[in-house]
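Asks: Just passing along the structure, written as structure tokens.
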Amino acid sequence: MSAVLALIRRDLLLSYRLGGGAGTAIGFFLVVVTLLPLGLGPDNALLGRIAPGAIWVALLLSVLLSVDRVFQSDYEDGSLELMALAPMSLELVVICKTAAHWLTTGLPLALSAPLFGLLLNLAPETMLPLVLSTVIGSPALSFIGTVGAALTVGIRRGGLLLSLLILPLYVPILIFGVSAATGLNAGPDLLTPSLMVLVALSLASLVLCPIAAAAAIRSHFT
Amino acid sequence: MFKYANPTRFMALSGAMLPWCTAATVALLAAGLYMSLVTAPTDYQQGETVRIMFIHVPAAWMALCVYTVMAIASAVALIWRHPLADVAAKTAAPIGACFTFLALVTGSLWGKPMWGAWWVWDARLTSVLVLFLLYLGYIAVWQTIDEPVKAARIAAIVALVGFVNVPIIKFSVEWWNSLHQPASVLRVDGPAIHSSILWPLLIMATAYTVLFLTLHLVAMRGEILSRRVRQLQLARLEG
């Protein structure tokens with residue numbers, strides 16, 4: 001357990017001290033949200049209608065652009081190889097690193113989503129469902145992204161390959177995330193089926209993705 | 001299975017099978033195309049455009065079938081390090097991508113007169129499009145990674161991750177939107193379409209399967225030979 005905490009703490013410290021963590025991701029998020037009205041026109045009614053979808057797409061892209069860092073620097077300085085050889089199971093290492101990525105990217109982005117919603121004329125009653133769906137769905141984004149990062153670590157021109165591999169797998173999360181964020185206006189109950197499926201997707205990715213990511217990392221060292 | 005793991009034995013066996021497979025493909029395709037394009041009745045609503053279905057539906061079946069073949073071959077390659085399995089997975093991908101592309105294009109050609117648009121964001125179209133993207137990602141892995149052994153293992157993981165996701169994507173997209181007609185051949189209470197249309201469809205499906213088998217054998221033989229050439233070249237450079 002102390003190794004788990006140490007690993008998470010190390011990644012958090014690295015991302016805090018090296019920069020390029022949450023701040024950059026939120027900056028990217030803001031740029032996407034700014035560009036959208038410029039491309040679509042300043043029609044407030046239209047923006048309000050597409051706001052949840054737009055925020056979810058911006059979230060996917062921000063996670064995608066930040067996820068390649070999860071293993072890259074550790075691969076370059078050799079610490080990833082040591083982690084692969086260490087007695088602690090590699091799957092657990094992947095979970096720790098993904099958790100650190102989520103804490104520095106997914107969670108801040110999800111919590112700041114309503115702020116960006118204001119820019120896009122998001123309806124006030126959609127704010128809480130949007131935060132809920134992004135907080136619950138973003139771990140799945142991080143976990144699936146980590147699989148892509150593990151597959152493409154150490155490959156030249158891996159960035160484009162990463163997006164081609166990962167974005168199609170984000171389809172279910174996008175669909176249920178937007179559906180959970182917008183489908184709630186019908187009733188006061190927050191627990192819609194879409195939100196439940198989103199929880200299921202996050203939990204399933206917590207179990208399955210580390211296995212695939214660890215297998216991918218091992219294949220880089222054989 | 002392990003008896004045929006030897007590439008030399010595979011080359012002999014596939015060389016013997018190939019003429020028969022080619023003949024069967026030509027015969028079945030000729031019969032299937034004649035039945036579907038000439039003798040099958042036209043639909044009272046759709047007219048002649050219903051004939052696109054005979055090209056379209058088997059292609060969509062094959063798109064899924066080839067992905068399954070690819071995933072099974074990848075699993076075998078990962079678990080047993082079967083030397084032919086990653087050749088099989090690698091060569092199946094471009095063929096499967098072609099079937100998927102064929103399904104998308106013929107669907108689009110059919111959709112224009114029927115739905116009034118080349119493309120609609122309907123559940124099945126979207127999930128087949130995502131399947132096409134999964135094929136492209138898999139092919140891109142082979143093209144990006146230079147080292148063959150590493151590429152094989154990474155590609156196998158990509159194929160298996162994609163295979164786990166295909167049903168989830170399909171289910172989620174269906175939740176999202178549905179305009180395409182539901183399955184009408186494989187149903188519990190028997191096929192819902194008339195036998196005059198069902199027969200050409202089944203013959204076309206068999207023809208596509210044999211076509212895949214033939215193309216796959218040719219592609220696997222080509223891949224094995226090109227690997228041998230590569231090894232010979234390396235040996236000559238070293239020697």
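Lettering and numbering for the structure tokens are positional, with chains as A, B, ... in the shown order, residues counted from 1 in each chain, and ligands counted from 1 in the shown order.
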Any idea what's packed within 8 Å of Gly32 of chain B, counting only C-alpha atoms, ignoring anything in its chain fewer than 5 positions away? Could you give it as number ranges by chain?
Replies: B: 200-201, 203-204, 207
Asks: Can you work out which residues from chain A touch chain B at a cut-off of 12 Å (counting only C-alpha atoms) and hand them back as a ChimeraX atom specification?
Replies: /A:144,147-180,183,193-194,197-198,200-201,204-205,208-222
Asks: Mind writing the picked residues with C-alpha atoms as a JSON list (two decimals), in the first residue's frame?
Replies:
[["chain", "number", "residue", "atom", "x", "y", "z"],
["A", 144, "ILE", "CA", -8.44, 3.62, -21.91],
["A", 147, "VAL", "CA", -3.71, 1.52, -22.72],
["A", 148, "GLY", "CA", -3.01, 3.61, -25.81],
["A", 149, "ALA", "CA", -0.07, 5.31, -24.11],
["A", 150, "ALA", "CA", 1.37, 1.93, -23.09],
["A", 151, "LEU", "CA", 0.95, 0.59, -26.63],
["A", 152, "THR", "CA", 2.65, 3.55, -28.29],
["A", 153, "VAL", "CA", 5.36, 4.36, -25.72],
["A", 154, "GLY", "CA", 8.80, 4.54, -27.30],
["A", 155, "ILE", "CA", 7.44, 4.56, -30.84],
["A", 156, "ARG", "CA", 8.47, 7.39, -33.12],
["A", 157, "ARG", "CA", 5.44, 9.24, -34.51],
["A", 158, "GLY", "CA", 3.37, 7.53, -31.81],
["A", 159, "GLY", "CA", 1.11, 10.54, -31.23],
["A", 160, "LEU", "CA", -1.03, 10.17, -34.34],
["A", 161, "LEU", "CA", -1.21, 6.42, -33.86],
["A", 162, "LEU", "CA", -2.36, 6.98, -30.28],
["A", 163, "SER", "CA", -5.32, 9.10, -31.38],
["A", 164, "LEU", "CA", -6.27, 6.64, -34.13],
["A", 165, "LEU", "CA", -6.22, 3.78, -31.61],
["A", 166, "ILE", "CA", -7.92, 5.49, -28.71],
["A", 167, "LEU", "CA", -10.59, 7.84, -30.05],
["A", 168, "PRO", "CA", -12.80, 5.05, -31.52],
["A", 169, "LEU", "CA", -12.77, 3.37, -28.09],
["A", 170, "TYR", "CA", -14.06, 6.59, -26.53],
["A", 171, "VAL", "CA", -17.34, 6.35, -28.45],
["A", 172, "PRO", "CA", -19.37, 4.61, -25.70],
["A", 173, "ILE", "CA", -18.15, 6.99, -22.99],
["A", 174, "LEU", "CA", -18.97, 10.01, -25.12],
["A", 175, "ILE", "CA", -22.45, 8.72, -25.88],
["A", 176, "PHE", "CA", -23.38, 7.85, -22.31],
["A", 177, "GLY", "CA", -21.60, 10.88, -20.90],
["A", 178, "VAL", "CA", -23.55, 13.32, -23.04],
["A", 179, "SER", "CA", -26.73, 11.35, -22.49],
["A", 180, "ALA", "CA", -26.24, 11.48, -18.71],
["A", 183, "GLY", "CA", -31.15, 13.46, -20.33],
["A", 193, "PRO", "CA", -29.67, 4.67, -16.65],
["A", 194, "SER", "CA", -27.01, 6.50, -18.67],
["A", 197, "VAL", "CA", -23.84, 2.66, -17.54],
["A", 198, "LEU", "CA", -21.15, 5.32, -17.24],
["A", 200, "ALA", "CA", -20.17, 0.49, -15.19],
["A", 201, "LEU", "CA", -17.84, 1.61, -18.01],
["A", 204, "ALA", "CA", -14.93, -2.18, -16.13],
["A", 205, "SER", "CA", -12.08, -0.09, -17.51],
["A", 208, "LEU", "CA", -9.60, -4.56, -17.80],
["A", 209, "CYS", "CA", -7.41, -1.69, -18.99],
["A", 210, "PRO", "CA", -4.47, -2.23, -16.56],
["A", 211, "ILE", "CA", -4.14, -5.83, -17.80],
["A", 212, "ALA", "CA", -3.91, -4.71, -21.44],
["A", 213, "ALA", "CA", -1.59, -1.79, -20.60],
["A", 214, "ALA", "CA", 0.75, -3.99, -18.53],
["A", 215, "ALA", "CA", 0.90, -6.58, -21.33],
["A", 216, "ALA", "CA", 1.75, -3.79, -23.78],
["A", 217, "ILE", "CA", 4.53, -2.43, -21.55],
["A", 218, "ARG", "CA", 6.02, -5.90, -21.12],
["A", 219, "SER", "CA", 6.10, -6.41, -24.88],
["A", 220, "HIS", "CA", 8.30, -3.31, -25.20],
["A", 221, "PHE", "CA", 10.95, -4.90, -22.99],
["A", 222, "THR", "CA", 11.18, -8.36, -24.51]]
Asks: Would you pick out the contacts of segment 65-76 of chain B at 8 Å or less, using only C-alpha atoms, so that residues sharing its chain but fewer than 6 positions from it are not included, and give the list as a ChimeraX atom specification?
Replies: /B:82,85-86,88-90,92-93,95-96,155-157,159-160,163
Asks: Show me, as a PyMOL selection string, the residues that have an atom within 12 Å of Val31 of chain A when counting only C-alpha atoms, minus same-chain residues fewer than 2 positions from it.
Replies: chain A and resi 24-29+33-38+55+58-59+61-62+116+119
Asks: Include N, CA and C atoms and write out the residues we just selected as a PDB file, in the first residue's frame.
Replies:
ATOM      1  N   THR A  24      -2.068  23.288 -18.176  1.00  0.00           N
ATOM      2  CA  THR A  24      -2.034  23.243 -19.634  1.00  0.00           C
ATOM      3  C   THR A  24      -3.304  22.624 -20.181  1.00  0.00           C
ATOM      4  N   ALA A  25      -3.758  21.553 -19.521  1.00  0.00           N
ATOM      5  CA  ALA A  25      -4.962  20.883 -20.007  1.00  0.00           C
ATOM      6  C   ALA A  25      -6.156  21.830 -19.944  1.00  0.00           C
ATOM      7  N   ILE A  26      -6.268  22.591 -18.835  1.00  0.00           N
ATOM      8  CA  ILE A  26      -7.395  23.523 -18.726  1.00  0.00           C
ATOM      9  C   ILE A  26      -7.264  24.623 -19.770  1.00  0.00           C
ATOM     10  N   GLY A  27      -6.031  25.068 -20.029  1.00  0.00           N
ATOM     11  CA  GLY A  27      -5.811  26.059 -21.081  1.00  0.00           C
ATOM     12  C   GLY A  27      -6.283  25.543 -22.429  1.00  0.00           C
ATOM     13  N   PHE A  28      -5.950  24.271 -22.723  1.00  0.00           N
ATOM     14  CA  PHE A  28      -6.375  23.676 -23.985  1.00  0.00           C
ATOM     15  C   PHE A  28      -7.901  23.609 -24.063  1.00  0.00           C
ATOM     16  N   PHE A  29      -8.502  23.189 -22.944  1.00  0.00           N
ATOM     17  CA  PHE A  29      -9.955  23.118 -22.827  1.00  0.00           C
ATOM     18  C   PHE A  29     -10.585  24.483 -23.163  1.00  0.00           C
ATOM     19  N   VAL A  33     -13.123  25.618 -26.263  1.00  0.00           N
ATOM     20  CA  VAL A  33     -14.422  26.221 -25.990  1.00  0.00           C
ATOM     21  C   VAL A  33     -14.512  27.612 -26.622  1.00  0.00           C
ATOM     22  N   THR A  34     -13.384  28.318 -26.727  1.00  0.00           N
ATOM     23  CA  THR A  34     -13.389  29.640 -27.359  1.00  0.00           C
ATOM     24  C   THR A  34     -13.561  29.525 -28.873  1.00  0.00           C
ATOM     25  N   LEU A  35     -12.909  28.513 -29.449  1.00  0.00           N
ATOM     26  CA  LEU A  35     -12.948  28.387 -30.910  1.00  0.00           C
ATOM     27  C   LEU A  35     -14.333  27.977 -31.404  1.00  0.00           C
ATOM     28  N   LEU A  36     -15.056  27.223 -30.564  1.00  0.00           N
ATOM     29  CA  LEU A  36     -16.326  26.679 -31.017  1.00  0.00           C
ATOM     30  C   LEU A  36     -17.333  27.742 -31.463  1.00  0.00           C
ATOM     31  N   PRO A  37     -17.633  28.759 -30.625  1.00  0.00           N
ATOM     32  CA  PRO A  37     -18.565  29.795 -31.067  1.00  0.00           C
ATOM     33  C   PRO A  37     -18.039  30.548 -32.284  1.00  0.00           C
ATOM     34  N   LEU A  38     -16.705  30.678 -32.381  1.00  0.00           N
ATOM     35  CA  LEU A  38     -16.148  31.373 -33.539  1.00  0.00           C
ATOM     36  C   LEU A  38     -16.433  30.594 -34.819  1.00  0.00           C
ATOM     37  N   ILE A  55     -18.533  20.220 -24.612  1.00  0.00           N
ATOM     38  CA  ILE A  55     -17.642  20.090 -23.461  1.00  0.00           C
ATOM     39  C   ILE A  55     -17.098  18.678 -23.366  1.00  0.00           C
ATOM     40  N   ALA A  58     -14.387  18.309 -25.986  1.00  0.00           N
ATOM     41  CA  ALA A  58     -13.181  19.012 -25.549  1.00  0.00           C
ATOM     42  C   ALA A  58     -12.465  18.212 -24.458  1.00  0.00           C
ATOM     43  N   LEU A  59     -13.246  17.566 -23.580  1.00  0.00           N
ATOM     44  CA  LEU A  59     -12.662  16.746 -22.516  1.00  0.00           C
ATOM     45  C   LEU A  59     -11.899  15.554 -23.091  1.00  0.00           C
ATOM     46  N   LEU A  61     -10.532  15.308 -26.015  1.00  0.00           N
ATOM     47  CA  LEU A  61      -9.302  15.743 -26.686  1.00  0.00           C
ATOM     48  C   LEU A  61      -8.242  16.131 -25.665  1.00  0.00           C
ATOM     49  N   SER A  62      -8.642  16.815 -24.579  1.00  0.00           N
ATOM     50  CA  SER A  62      -7.635  17.199 -23.587  1.00  0.00           C
ATOM     51  C   SER A  62      -7.004  15.973 -22.945  1.00  0.00           C
ATOM     52  N   PHE A 116     -16.833  26.491 -18.044  1.00  0.00           N
ATOM     53  CA  PHE A 116     -16.808  26.610 -19.501  1.00  0.00           C
ATOM     54  C   PHE A 116     -18.214  26.521 -20.061  1.00  0.00           C
ATOM     55  N   LEU A 119     -19.688  29.858 -20.534  1.00  0.00           N
ATOM     56  CA  LEU A 119     -19.272  30.509 -21.781  1.00  0.00           C
ATOM     57  C   LEU A 119     -20.135  30.067 -22.956  1.00  0.00           C
TER      58      LEU A 119
END
Asks: Calculate how many Å separate atom CA of Ala140 of chain A from atom CA of Leu85 of chain A, rounding to one decimal.
Replies: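 Going from atom CA of Ala140 of chain A over to atom CA of Leu85 of chain A, I get 26.6 Å.
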Asks: To one decimal place, how far is atom CA of Ala60 of chain B from atom CA of Gly145 of chain A in Å?
Replies: 28.7 Å
Asks: If we count only C-alpha atoms and set the cut-off at 9 Å, which residues sit around Ala100 of chain A, ignoring sequence neighbours fewer than 2 positions away in its own chain? Please answer as a list in words.
Replies: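 Answer for this query is Leu7, Ile8, Arg9, Arg10, Asp11, Leu12, Ser15, Val70, Ile95, Cys96, Lys97, Thr98, Trp102, Leu103, Thr104 and Thr105 of chain A.
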Asks: Would you output that residue set with C-alpha atoms, as a PDB file, in the first residue's frame?
Replies:
ATOM      1  CA  LEU A   7       4.045   6.022  -6.767  1.00  0.00           C
ATOM      2  CA  ILE A   8       0.969   8.262  -6.938  1.00  0.00           C
ATOM      3  CA  ARG A   9       2.744  10.915  -4.881  1.00  0.00           C
ATOM      4  CA  ARG A  10       5.790  10.764  -7.159  1.00  0.00           C
ATOM      5  CA  ASP A  11       3.704  11.254 -10.305  1.00  0.00           C
ATOM      6  CA  LEU A  12       1.721  14.093  -8.745  1.00  0.00           C
ATOM      7  CA  SER A  15       3.487  16.777 -12.868  1.00  0.00           C
ATOM      8  CA  VAL A  70       1.937   8.923 -18.534  1.00  0.00           C
ATOM      9  CA  ILE A  95      -3.409   1.767 -11.895  1.00  0.00           C
ATOM     10  CA  CYS A  96      -1.288   4.162  -9.782  1.00  0.00           C
ATOM     11  CA  LYS A  97      -0.013   6.074 -12.773  1.00  0.00           C
ATOM     12  CA  THR A  98      -3.506   6.299 -14.244  1.00  0.00           C
ATOM     13  CA  TRP A 102      -6.763  11.391 -13.573  1.00  0.00           C
ATOM     14  CA  LEU A 103      -6.058  13.513 -10.489  1.00  0.00           C
ATOM     15  CA  THR A 104      -3.991  15.978 -12.521  1.00  0.00           C
ATOM     16  CA  THR A 105      -6.091  16.062 -15.710  1.00  0.00           C
TER      17      THR A 105
END
Asks: Residues near Leu130 of chain A, anyone? I mean within 10 Å using only C-alpha atoms, not counting same-chain ones fewer than 5 positions away, as a PyMOL selection string.
Replies: chain A and resi 51-53+55-56+110-111+113-114+117+122+125+135-136+177-182+184
Asks: Rounded to one decimal in Å, what is the spacing between atom CA of Ser196 of chain B and atom CA of Ala40 of chain B?
Replies: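 These two atoms are separated by 6.2 Å.
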Asks: Here is a test: counting only C-alpha atoms, which residue of A:Leu46, A:Ala54, A:Leu92, A:Val131 is nearest to Pro108 of chain A?
Replies: A:Val131
